[in-house]
Structures are given as structure tokens and as C-alpha cells.
Amino acid sequence: MTDALPDAAWPQDRPWRVLVAGAGALGCTLATRLACAGHPVSVLARGHTVTALRAEGLRLDDLDGHWATPVTVLTQVGPADTPDLLLLCAKSQDLPALAAQVAPAIGPRTLVLPIVNGVPFWYFHRQGGRFDGRAVEAVDPAGGLAATLPLDQVIGAVVFITAELRAPGHAEARNPHLLMLGEPAGGLSPRLQALCEVLSAAGLGARPVPQLRDKLWTKLIANLTSNPLSVVTGATLQTIYSDPVLLQTVRAVMHEAMLVAAAHGARLEIDPTEFLRLGAGMGAVRTSMLQDFERGRPLELAAIGDAVVELAGLYALPMDATRTLLDQTRWHAQRRTSPPRLRAA
């Protein structure tokens, strides 16, 4: 692999200029730790979050204690705001609009790090093989994101951080912070290792991975087996991965997704029994999709579910259990937004 950016692209003798686009739970978590580590951080926000951040700054409660720091708040960006590192922290369905908003700030040496759940829009970029360069229609219809963002400046991320907003600008993350980062083309480039060093020094536990898609499938399977089912049942991770009734659905969906991963060449390191034990060990954690459901927000079903079904379709693999679970989740979401009509007596 040849790096798209020269060595001068990542500063080694000064703090990194960071732009965090999206002030949700993950965005605030990452922004707070980076700002507290001495990097000049700007946060692109909107609505009540702008007022809260300007008045109280960023706040984070995690395993290392309470963190608080003032931060530069932006409501729009342009070339004057060009960062060394751009963190795109948004739900997958919001990413196209956010990408268009931040595009004017992306310089030729900006590293772009999308922090998203599910199948990423860059999945087939420089993958090689017969699907190389293909758009994942469920998350990037007609390749719009790929046309907006410079793909050769993108670093992929698999995020194992559970965070929740307590108030605008105030996040809580009570599990260890872990990110796995990789080049879409594979390998361990100097820019990837430099980025991991910066994030790890800020307490964010970033690990460079030579074949990120292998790790991505582990997270995809975790998301697919837990997020939709949490909406259908209202259950926490502990219950989803331990209740005998729910485990029937979990196992069926897990086996379907593992077959899709294998078809796409992923080398999984999943022991199904250990996978379930670790899931239950996460405790009484409510998934991000359940939080969105309870707050009346759109659900990330396209990236977490539909995109996996799309990838299965490329090899004509059946996904009966997965399709049923996704249909049930959408049924619950529709009932949330459309109350049943009362029949006149």
C-alpha cells in the first residue's frame, strides 16, 4: 500500500488540530479526552448543544474519573477550520449530510476518521477482488459519500466504547475505551500508527490493525445480534446474551452473519460460547439503538442490518432469521411513531 499523504501529514512535534463533527455521546467522549490531553479541539454542534458547550464546556465521566474542559464550538466550518484529524461522529443515516457540511474544512493532509456503527461506506474501498470499489447501497446510495469524502484520507475504525449522554455536552462511558483502527487497503502505515499513538496517549486505547475488516465483522455481529433485539424486547446486553428464550434468536442471527463474514473473506476469531459470555458480561447496558428508540429518534437499521443483508445477497446467502428480526424492529418503530387508531364503540 502507498500512503496517500506524505510524512508531513501528521504532526510529530506539536499537538494535533482536531475537529469533532457531532456532539453525541461518542463525539463528546473522544473530544473530551483529546482536549484534556492538550490537543486543540473544535466541536461542530447544533441546537441546545451549542449553548451548553459554550457555557459549560465538555464533560465526561469514565473509569478514570471526571473530566471537564472548555472547547471551541463551531456551527459551520470552512477552509480556516482545516484540522489534522477529522472525527465524524454521527449515526450512519446522518453521515451524508454531515459529510457535506464538513467537506469545506477537509484539507489535502486531513486524516478522516468516521466513528460509525455497522457496515461502513468505505467497506469495498481498496479491498481488492471482484467487489473492489463497489458502493454499499444501504449506507451510501449511488456512492454519494465516496464522492464527498477523500477516500484515500480515510482511516477505518471499529469502536468498542459504550457511552451515553447525560446532558448536552456531558457524556458517561463506564467501560474501557477501545478503538481498532486500520487502513482500508490493509497494512500498518506510518500515519495509522501515528494516529493510534495520539489517541492512546489521550486514554482512548487505539490499536492499529493490519486487516481491519476481520475485527469489523466481530463488531458487526455484536451489533446485529443485540441492537435490533433490544428494541423488540427492551432488554439490556446482559439479558439479551443470557436469557434462554432470547438466545434462540441471538444464535440464529449470529450464525447467519458469521457465514456472510466468511463468504467475504473475513478471518473471525469468534468462539460463539465465549462471544455470548462476553456479551452478558457487559452488564445492564442499554444499546445505542434502544436509547434512540426510547427517545423517538431514527434507528440505524440500514447500517447495522440492511447492509449485512445486502452483503449476503452478493453471495445469494439466506438471512431468514435476520430479516425477521429487522422486520420486527421496524414494526416496533412504526408503532412508536404511529399510535394505533381507536375503534368507535
# chains A, B, ... in the order shown; residues from 1 in each chain; ligands from 1

$ residues_around --residues "segment 243-248 of chain A" --least-positions-apart "5" --cutoff "9 Å" --atoms "only C-alpha atoms" --output "list in words"
Leu229, Thr233, Gln238, Val253 and Leu276 of chain A

$ residues_around --residues "Thr236 of chain A" --least-positions-apart "3" --cutoff "6 Å" --atoms "only C-alpha atoms" --output "PyMOL selection string"
chain A and resi 239+284-286

$ closest_residue --among "A:Ala163, A:Val158, A:Ala35, A:Ala185" --to "Asn223 of chain A" --atoms "only C-alpha atoms"
A:Val158

$ residues_around --residues "Thr324 of chain A" --least-positions-apart "2" --cutoff "12 Å" --atoms "only C-alpha atoms" --output "ChimeraX atom specification"
/A:228-229,232,249,252-253,305-306,309,318-322,326-331

$ write_last_selection --atoms "N, CA, C and O atoms" --output "CSV table (one decimal), in the first residue's frame"
chain,number,residue,atom,x,y,z
A,228,PRO,N,-31.0,-4.6,17.3
A,228,PRO,CA,-32.5,-4.7,17.0
A,228,PRO,C,-33.2,-5.5,18.0
A,228,PRO,O,-34.4,-5.1,18.3
A,229,LEU,N,-32.6,-6.5,18.6
A,229,LEU,CA,-33.3,-7.3,19.6
A,229,LEU,C,-33.6,-6.5,20.9
A,229,LEU,O,-34.6,-6.7,21.6
A,232,VAL,N,-36.9,-4.7,20.2
A,232,VAL,CA,-38.0,-5.6,20.2
A,232,VAL,C,-38.4,-6.0,21.7
A,232,VAL,O,-39.6,-6.1,22.0
A,249,THR,N,-32.9,-16.5,19.2
A,249,THR,CA,-32.7,-15.5,18.2
A,249,THR,C,-31.3,-15.1,18.0
A,249,THR,O,-30.8,-15.0,16.9
A,252,ALA,N,-29.3,-17.8,16.1
A,252,ALA,CA,-29.7,-17.9,14.7
A,252,ALA,C,-29.1,-16.7,13.9
A,252,ALA,O,-28.6,-16.9,12.8
A,253,VAL,N,-29.2,-15.5,14.4
A,253,VAL,CA,-28.7,-14.3,13.7
A,253,VAL,C,-27.2,-14.4,13.6
A,253,VAL,O,-26.6,-14.1,12.6
A,305,GLY,N,-28.2,-3.6,10.0
A,305,GLY,CA,-28.9,-4.7,9.5
A,305,GLY,C,-29.0,-4.9,8.0
A,305,GLY,O,-28.6,-5.8,7.4
A,306,ASP,N,-29.6,-3.8,7.3
A,306,ASP,CA,-29.8,-3.9,5.8
A,306,ASP,C,-28.5,-4.1,5.1
A,306,ASP,O,-28.5,-4.8,4.1
A,309,VAL,N,-27.4,-7.7,5.2
A,309,VAL,CA,-28.3,-8.5,4.3
A,309,VAL,C,-27.8,-8.2,2.8
A,309,VAL,O,-27.8,-9.1,2.0
A,318,PRO,N,-29.0,-17.0,2.3
A,318,PRO,CA,-30.3,-16.7,3.0
A,318,PRO,C,-30.0,-16.0,4.4
A,318,PRO,O,-29.0,-16.3,5.0
A,319,MET,N,-30.9,-15.1,4.7
A,319,MET,CA,-30.8,-14.4,6.0
A,319,MET,C,-32.2,-14.4,6.7
A,319,MET,O,-32.7,-13.3,7.1
A,320,ASP,N,-32.8,-15.5,6.8
A,320,ASP,CA,-34.2,-15.6,7.3
A,320,ASP,C,-34.4,-15.0,8.7
A,320,ASP,O,-35.3,-14.2,8.9
A,321,ALA,N,-33.5,-15.5,9.6
A,321,ALA,CA,-33.7,-15.0,11.0
A,321,ALA,C,-33.4,-13.5,11.1
A,321,ALA,O,-34.1,-12.8,11.8
A,322,THR,N,-32.4,-13.1,10.4
A,322,THR,CA,-32.0,-11.7,10.4
A,322,THR,C,-33.1,-10.8,9.8
A,322,THR,O,-33.5,-9.8,10.4
A,326,LEU,N,-35.2,-7.9,11.8
A,326,LEU,CA,-35.3,-6.5,11.3
A,326,LEU,C,-36.7,-6.0,11.0
A,326,LEU,O,-37.1,-4.9,11.3
A,327,ASP,N,-37.5,-6.9,10.5
A,327,ASP,CA,-38.9,-6.6,10.3
A,327,ASP,C,-39.6,-6.3,11.6
A,327,ASP,O,-40.4,-5.4,11.7
A,328,GLN,N,-39.4,-7.1,12.6
A,328,GLN,CA,-40.0,-6.9,13.9
A,328,GLN,C,-39.5,-5.6,14.5
A,328,GLN,O,-40.3,-4.9,15.1
A,329,THR,N,-38.3,-5.3,14.3
A,329,THR,CA,-37.8,-4.0,14.9
A,329,THR,C,-38.4,-2.8,14.2
A,329,THR,O,-38.8,-1.8,14.9
A,330,ARG,N,-38.6,-2.9,12.9
A,330,ARG,CA,-39.3,-1.8,12.2
A,330,ARG,C,-40.7,-1.7,12.6
A,330,ARG,O,-41.3,-0.6,12.6
A,331,TRP,N,-41.4,-2.8,12.9
A,331,TRP,CA,-42.8,-2.9,13.3
A,331,TRP,C,-42.9,-2.1,14.6
A,331,TRP,O,-43.8,-1.3,14.8

$ closest_atom_pairs --of "segment 268-308 of chain A" --to "segment 260-263 of chain A" --cutoff "12 Å" --atoms "only C-alpha atoms" --output "tab-separated table"
residue	atom	partner	partner_atom	distance
A:Leu268	CA	A:Ala262	CA	7.7
A:Glu269	CA	A:Ala262	CA	11.3
A:Ile270	CA	A:Ala261	CA	11.4
A:Ala307	CA	A:Val260	CA	11.2
A:Val308	CA	A:Val260	CA	7.7

$ write_last_selection --atoms "N, CA, C and O atoms" --output "tab-separated table (two decimals), in the first residue's frame"
chain	number	residue	atom	x	y	z
A	268	LEU	N	-12.53	-14.72	11.21
A	268	LEU	CA	-13.15	-14.44	12.50
A	268	LEU	C	-12.44	-15.19	13.62
A	268	LEU	O	-12.04	-16.35	13.45
A	269	GLU	N	-12.31	-14.51	14.75
A	269	GLU	CA	-11.74	-15.14	15.94
A	269	GLU	C	-12.84	-15.23	17.00
A	269	GLU	O	-12.66	-14.83	18.15
A	270	ILE	N	-13.98	-15.77	16.59
A	270	ILE	CA	-15.14	-15.82	17.48
A	270	ILE	C	-15.39	-17.25	17.94
A	270	ILE	O	-15.58	-18.15	17.12
A	307	ALA	N	-27.42	-3.47	5.52
A	307	ALA	CA	-26.16	-3.59	4.79
A	307	ALA	C	-25.59	-5.00	4.89
A	307	ALA	O	-24.99	-5.51	3.93
A	308	VAL	N	-25.76	-5.66	6.03
A	308	VAL	CA	-25.31	-7.04	6.15
A	308	VAL	C	-26.12	-7.94	5.24
A	308	VAL	O	-25.58	-8.84	4.57

$ select_by_dssp --residues "segment 280-338 of chain A" --states "helix (DSSP H, G or I)" --output "VMD selection string"
chain A and resid 280 to 281 288 to 294 301 to 313 320 to 337

$ write_last_selection --atoms "N, CA and C atoms" --output "compact mmCIF listing (two decimals), in the first residue's frame"
# COMPACT_ATOMS: atom_id res chain seq x y z
N ALA A 280 -22.89 -11.02 27.75
CA ALA A 280 -23.61 -10.96 29.02
C ALA A 280 -22.81 -10.23 30.08
N GLY A 281 -21.48 -10.34 29.98
CA GLY A 281 -20.62 -9.69 30.96
C GLY A 281 -20.58 -8.18 30.84
N SER A 288 -27.25 1.47 21.97
CA SER A 288 -27.49 2.80 21.41
C SER A 288 -28.80 2.83 20.63
N MET A 289 -29.17 1.70 20.00
CA MET A 289 -30.41 1.66 19.24
C MET A 289 -31.62 1.71 20.18
N LEU A 290 -31.53 1.06 21.32
CA LEU A 290 -32.61 1.14 22.29
C LEU A 290 -32.75 2.56 22.83
N GLN A 291 -31.62 3.23 23.08
CA GLN A 291 -31.67 4.62 23.53
C GLN A 291 -32.34 5.50 22.48
N ASP A 292 -31.99 5.28 21.22
CA ASP A 292 -32.61 6.06 20.15
C ASP A 292 -34.11 5.77 20.06
N PHE A 293 -34.48 4.50 20.19
CA PHE A 293 -35.89 4.12 20.14
C PHE A 293 -36.68 4.81 21.24
N GLU A 294 -36.15 4.82 22.44
CA GLU A 294 -36.85 5.42 23.58
C GLU A 294 -36.95 6.94 23.45
N LEU A 301 -30.87 0.98 11.42
CA LEU A 301 -31.11 -0.35 10.87
C LEU A 301 -30.44 -0.54 9.51
N ALA A 302 -30.27 0.52 8.75
CA ALA A 302 -29.66 0.38 7.43
C ALA A 302 -28.22 -0.12 7.54
N ALA A 303 -27.43 0.51 8.41
CA ALA A 303 -26.02 0.14 8.53
C ALA A 303 -25.83 -1.15 9.30
N ILE A 304 -26.62 -1.33 10.37
CA ILE A 304 -26.43 -2.49 11.24
C ILE A 304 -27.09 -3.74 10.68
N GLY A 305 -28.20 -3.58 9.95
CA GLY A 305 -28.93 -4.74 9.46
C GLY A 305 -29.00 -4.86 7.95
N ASP A 306 -29.56 -3.84 7.29
CA ASP A 306 -29.79 -3.92 5.85
C ASP A 306 -28.49 -4.12 5.07
N ALA A 307 -27.42 -3.47 5.52
CA ALA A 307 -26.16 -3.59 4.79
C ALA A 307 -25.59 -5.00 4.89
N VAL A 308 -25.76 -5.66 6.03
CA VAL A 308 -25.31 -7.04 6.15
C VAL A 308 -26.12 -7.94 5.24
N VAL A 309 -27.44 -7.72 5.18
CA VAL A 309 -28.28 -8.48 4.26
C VAL A 309 -27.85 -8.22 2.81
N GLU A 310 -27.50 -6.98 2.50
CA GLU A 310 -27.02 -6.65 1.15
C GLU A 310 -25.75 -7.42 0.82
N LEU A 311 -24.82 -7.46 1.76
CA LEU A 311 -23.58 -8.21 1.53
C LEU A 311 -23.85 -9.70 1.40
N ALA A 312 -24.83 -10.20 2.14
CA ALA A 312 -25.22 -11.61 1.99
C ALA A 312 -25.76 -11.88 0.60
N GLY A 313 -26.53 -10.92 0.08
CA GLY A 313 -27.12 -11.08 -1.24
C GLY A 313 -26.10 -11.19 -2.35
N ASP A 320 -32.82 -15.54 6.81
CA ASP A 320 -34.21 -15.59 7.26
C ASP A 320 -34.38 -15.04 8.67
N ALA A 321 -33.54 -15.48 9.60
CA ALA A 321 -33.68 -15.03 10.98
C ALA A 321 -33.38 -13.54 11.09
N THR A 322 -32.37 -13.10 10.35
CA THR A 322 -32.00 -11.68 10.40
C THR A 322 -33.11 -10.82 9.80
N ARG A 323 -33.64 -11.21 8.67
CA ARG A 323 -34.72 -10.44 8.05
C ARG A 323 -35.93 -10.36 8.98
N THR A 324 -36.27 -11.46 9.63
CA THR A 324 -37.41 -11.46 10.55
C THR A 324 -37.17 -10.49 11.70
N LEU A 325 -35.97 -10.52 12.26
CA LEU A 325 -35.66 -9.63 13.38
C LEU A 325 -35.73 -8.16 12.93
N LEU A 326 -35.21 -7.85 11.76
CA LEU A 326 -35.26 -6.47 11.27
C LEU A 326 -36.69 -6.03 11.01
N ASP A 327 -37.51 -6.93 10.47
CA ASP A 327 -38.92 -6.59 10.25
C ASP A 327 -39.63 -6.32 11.58
N GLN A 328 -39.36 -7.13 12.58
CA GLN A 328 -39.97 -6.93 13.89
C GLN A 328 -39.54 -5.59 14.50
N THR A 329 -38.27 -5.25 14.31
CA THR A 329 -37.76 -3.99 14.85
C THR A 329 -38.44 -2.80 14.19
N ARG A 330 -38.59 -2.87 12.88
CA ARG A 330 -39.27 -1.78 12.17
C ARG A 330 -40.75 -1.70 12.58
N TRP A 331 -41.36 -2.85 12.86
CA TRP A 331 -42.76 -2.85 13.32
C TRP A 331 -42.88 -2.10 14.63
N HIS A 332 -41.95 -2.34 15.54
CA HIS A 332 -41.98 -1.63 16.82
C HIS A 332 -41.73 -0.13 16.62
N ALA A 333 -40.80 0.20 15.74
CA ALA A 333 -40.51 1.62 15.49
C ALA A 333 -41.70 2.32 14.87
N GLN A 334 -42.43 1.64 14.00
CA GLN A 334 -43.61 2.25 13.37
C GLN A 334 -44.71 2.47 14.40
N ARG A 335 -44.90 1.52 15.30
CA ARG A 335 -45.92 1.68 16.34
C ARG A 335 -45.57 2.82 17.29
N ARG A 336 -44.28 3.03 17.48
CA ARG A 336 -43.85 4.14 18.33
C ARG A 336 -44.24 5.47 17.73
N THR A 337 -44.12 5.57 16.39
CA THR A 337 -44.39 6.85 15.72
C THR A 337 -45.82 6.98 15.25

$ residues_around --residues "Arg207 of chain A" --least-positions-apart "5" --cutoff "10 Å" --atoms "only C-alpha atoms" --output "MDAnalysis selection string"
chainID A and resid 157:158 178:182 192:193 195:197 199:200

$ write_last_selection --atoms "C-alpha atoms" --output "compact mmCIF listing (two decimals), in the first residue's frame"
# COMPACT_ATOMS: atom_id res chain seq x y z
CA ALA A 157 -12.41 2.42 12.86
CA VAL A 158 -14.10 -0.30 14.85
CA LEU A 178 -11.09 0.76 22.88
CA LEU A 179 -10.77 1.58 19.20
CA MET A 180 -9.28 -0.60 16.50
CA LEU A 181 -8.04 1.37 13.51
CA GLY A 182 -6.90 0.28 10.09
CA LEU A 192 -2.05 4.81 11.07
CA GLN A 193 0.50 4.17 13.80
CA LEU A 195 -2.82 8.31 14.85
CA CYS A 196 -3.04 5.37 17.25
CA GLU A 197 -0.24 6.86 19.35
CA LEU A 199 -5.40 8.55 20.60
CA SER A 200 -3.81 6.10 23.03

$ residues_around --residues "Val41 of chain A" --least-positions-apart "6" --cutoff "7 Å" --atoms "only C-alpha atoms" --output "list in words"
Arg17, Val18, Leu19, Ala31, Ala35, Val71 and Thr72 of chain A

$ atom_distance --atom1 "atom CA of Thr75 of chain A" --atom2 "atom CA of His170 of chain A"
18.3 Å

$ closest_residue --among "A:Gly129, A:Glu56, A:Glu172, A:Leu216" --to "Asn117 of chain A" --atoms "only C-alpha atoms"
A:Leu216

$ atom_distance --atom1 "atom CA of Arg174 of chain A" --atom2 "atom CA of Asp62 of chain A"
5.0 Å

$ atom_distance --atom1 "atom CA of Ser242 of chain A" --atom2 "atom CA of Glu164 of chain A"
22.9 Å

$ residues_around --residues "Leu278 of chain A" --least-positions-apart "5" --cutoff "10 Å" --atoms "only C-alpha atoms" --output "MDAnalysis selection string"
chainID A and resid 237:238 241 272:273 283

$ residues_around --residues "Tyr123 of chain A" --least-positions-apart "5" --cutoff "8 Å" --atoms "only C-alpha atoms" --output "MDAnalysis selection string"
chainID A and resid 136 184 213

$ decode --residues "segment 5-95 of chain A" --atoms "C-alpha atoms" --output "PDB file, in the first residue's frame"
ATOM      1  CA  LEU A   5      -0.355  11.538   2.479  1.00  0.00           C
ATOM      2  CA  PRO A   6       3.326  12.459   2.885  1.00  0.00           C
ATOM      3  CA  ASP A   7       5.144  12.148   6.220  1.00  0.00           C
ATOM      4  CA  ALA A   8       4.446  15.816   6.948  1.00  0.00           C
ATOM      5  CA  ALA A   9       0.746  14.994   7.051  1.00  0.00           C
ATOM      6  CA  TRP A  10       0.832  14.006  10.723  1.00  0.00           C
ATOM      7  CA  PRO A  11       2.489  16.371  13.180  1.00  0.00           C
ATOM      8  CA  GLN A  12       5.142  14.873  15.419  1.00  0.00           C
ATOM      9  CA  ASP A  13       6.391  17.985  17.181  1.00  0.00           C
ATOM     10  CA  ARG A  14       3.111  19.680  18.153  1.00  0.00           C
ATOM     11  CA  PRO A  15      -0.415  18.814  19.289  1.00  0.00           C
ATOM     12  CA  TRP A  16      -2.857  17.772  16.596  1.00  0.00           C
ATOM     13  CA  ARG A  17      -5.628  20.104  15.492  1.00  0.00           C
ATOM     14  CA  VAL A  18      -8.803  18.082  15.896  1.00  0.00           C
ATOM     15  CA  LEU A  19     -12.296  18.730  14.572  1.00  0.00           C
ATOM     16  CA  VAL A  20     -15.041  16.583  16.066  1.00  0.00           C
ATOM     17  CA  ALA A  21     -18.162  16.708  13.920  1.00  0.00           C
ATOM     18  CA  GLY A  22     -21.076  15.522  16.001  1.00  0.00           C
ATOM     19  CA  ALA A  23     -21.526  16.141  19.724  1.00  0.00           C
ATOM     20  CA  GLY A  24     -23.329  12.961  20.701  1.00  0.00           C
ATOM     21  CA  ALA A  25     -22.143  10.538  23.357  1.00  0.00           C
ATOM     22  CA  LEU A  26     -19.170   9.201  21.378  1.00  0.00           C
ATOM     23  CA  GLY A  27     -18.226  12.589  19.973  1.00  0.00           C
ATOM     24  CA  CYS A  28     -18.157  14.157  23.426  1.00  0.00           C
ATOM     25  CA  THR A  29     -16.196  11.227  24.855  1.00  0.00           C
ATOM     26  CA  LEU A  30     -13.483  11.439  22.213  1.00  0.00           C
ATOM     27  CA  ALA A  31     -13.393  15.237  22.167  1.00  0.00           C
ATOM     28  CA  THR A  32     -13.065  15.473  25.943  1.00  0.00           C
ATOM     29  CA  ARG A  33     -10.174  13.044  26.239  1.00  0.00           C
ATOM     30  CA  LEU A  34      -8.296  14.613  23.306  1.00  0.00           C
ATOM     31  CA  ALA A  35      -8.814  18.148  24.617  1.00  0.00           C
ATOM     32  CA  CYS A  36      -7.708  17.135  28.115  1.00  0.00           C
ATOM     33  CA  ALA A  37      -4.578  15.601  26.566  1.00  0.00           C
ATOM     34  CA  GLY A  38      -3.617  19.033  25.226  1.00  0.00           C
ATOM     35  CA  HIS A  39      -4.831  18.918  21.632  1.00  0.00           C
ATOM     36  CA  PRO A  40      -6.731  21.956  20.314  1.00  0.00           C
ATOM     37  CA  VAL A  41     -10.199  20.541  19.733  1.00  0.00           C
ATOM     38  CA  SER A  42     -13.138  22.138  17.950  1.00  0.00           C
ATOM     39  CA  VAL A  43     -16.613  20.619  18.072  1.00  0.00           C
ATOM     40  CA  LEU A  44     -19.160  21.111  15.319  1.00  0.00           C
ATOM     41  CA  ALA A  45     -22.540  21.137  17.046  1.00  0.00           C
ATOM     42  CA  ARG A  46     -26.054  22.448  16.719  1.00  0.00           C
ATOM     43  CA  GLY A  47     -29.128  23.419  18.716  1.00  0.00           C
ATOM     44  CA  HIS A  48     -29.093  23.326  22.514  1.00  0.00           C
ATOM     45  CA  THR A  49     -25.707  21.592  22.478  1.00  0.00           C
ATOM     46  CA  VAL A  50     -24.045  24.772  21.181  1.00  0.00           C
ATOM     47  CA  THR A  51     -25.347  26.785  24.124  1.00  0.00           C
ATOM     48  CA  ALA A  52     -24.394  24.072  26.633  1.00  0.00           C
ATOM     49  CA  LEU A  53     -20.866  23.645  25.293  1.00  0.00           C
ATOM     50  CA  ARG A  54     -20.194  27.363  25.252  1.00  0.00           C
ATOM     51  CA  ALA A  55     -21.463  27.744  28.802  1.00  0.00           C
ATOM     52  CA  GLU A  56     -20.104  24.595  30.466  1.00  0.00           C
ATOM     53  CA  GLY A  57     -17.607  23.056  28.063  1.00  0.00           C
ATOM     54  CA  LEU A  58     -17.157  19.323  27.613  1.00  0.00           C
ATOM     55  CA  ARG A  59     -17.737  16.925  30.488  1.00  0.00           C
ATOM     56  CA  LEU A  60     -17.054  13.209  30.730  1.00  0.00           C
ATOM     57  CA  ASP A  61     -17.409  10.612  33.450  1.00  0.00           C
ATOM     58  CA  ASP A  62     -15.443   7.443  32.719  1.00  0.00           C
ATOM     59  CA  LEU A  63     -13.381   4.827  34.521  1.00  0.00           C
ATOM     60  CA  ASP A  64     -10.568   7.337  35.063  1.00  0.00           C
ATOM     61  CA  GLY A  65     -12.789   9.889  36.810  1.00  0.00           C
ATOM     62  CA  HIS A  66     -14.485  13.150  35.877  1.00  0.00           C
ATOM     63  CA  TRP A  67     -13.098  15.258  33.028  1.00  0.00           C
ATOM     64  CA  ALA A  68     -14.076  18.816  32.169  1.00  0.00           C
ATOM     65  CA  THR A  69     -12.608  21.233  29.659  1.00  0.00           C
ATOM     66  CA  PRO A  70     -13.603  24.303  27.657  1.00  0.00           C
ATOM     67  CA  VAL A  71     -13.823  23.743  23.918  1.00  0.00           C
ATOM     68  CA  THR A  72     -14.117  25.731  20.715  1.00  0.00           C
ATOM     69  CA  VAL A  73     -17.661  25.376  19.399  1.00  0.00           C
ATOM     70  CA  LEU A  74     -18.488  25.755  15.716  1.00  0.00           C
ATOM     71  CA  THR A  75     -21.841  25.811  13.954  1.00  0.00           C
ATOM     72  CA  GLN A  76     -20.315  25.710  10.472  1.00  0.00           C
ATOM     73  CA  VAL A  77     -16.845  25.138   9.076  1.00  0.00           C
ATOM     74  CA  GLY A  78     -14.698  26.312   6.214  1.00  0.00           C
ATOM     75  CA  PRO A  79     -11.082  26.213   4.996  1.00  0.00           C
ATOM     76  CA  ALA A  80      -9.930  28.224   8.010  1.00  0.00           C
ATOM     77  CA  ASP A  81     -11.001  25.344  10.248  1.00  0.00           C
ATOM     78  CA  THR A  82      -8.959  22.655   8.465  1.00  0.00           C
ATOM     79  CA  PRO A  83      -7.804  20.065  11.044  1.00  0.00           C
ATOM     80  CA  ASP A  84      -5.094  17.439  11.135  1.00  0.00           C
ATOM     81  CA  LEU A  85      -7.730  14.948  12.250  1.00  0.00           C
ATOM     82  CA  LEU A  86     -11.442  14.992  11.481  1.00  0.00           C
ATOM     83  CA  LEU A  87     -13.657  12.731  13.599  1.00  0.00           C
ATOM     84  CA  LEU A  88     -17.046  12.074  12.019  1.00  0.00           C
ATOM     85  CA  CYS A  89     -19.245  11.069  14.956  1.00  0.00           C
ATOM     86  CA  ALA A  90     -22.735  10.520  13.599  1.00  0.00           C
ATOM     87  CA  LYS A  91     -25.370   7.894  13.099  1.00  0.00           C
ATOM     88  CA  SER A  92     -24.944   6.318   9.685  1.00  0.00           C
ATOM     89  CA  GLN A  93     -28.162   7.837   8.354  1.00  0.00           C
ATOM     90  CA  ASP A  94     -26.905  11.319   9.313  1.00  0.00           C
ATOM     91  CA  LEU A  95     -23.455  10.898   7.791  1.00  0.00           C
TER      92      LEU A  95
END
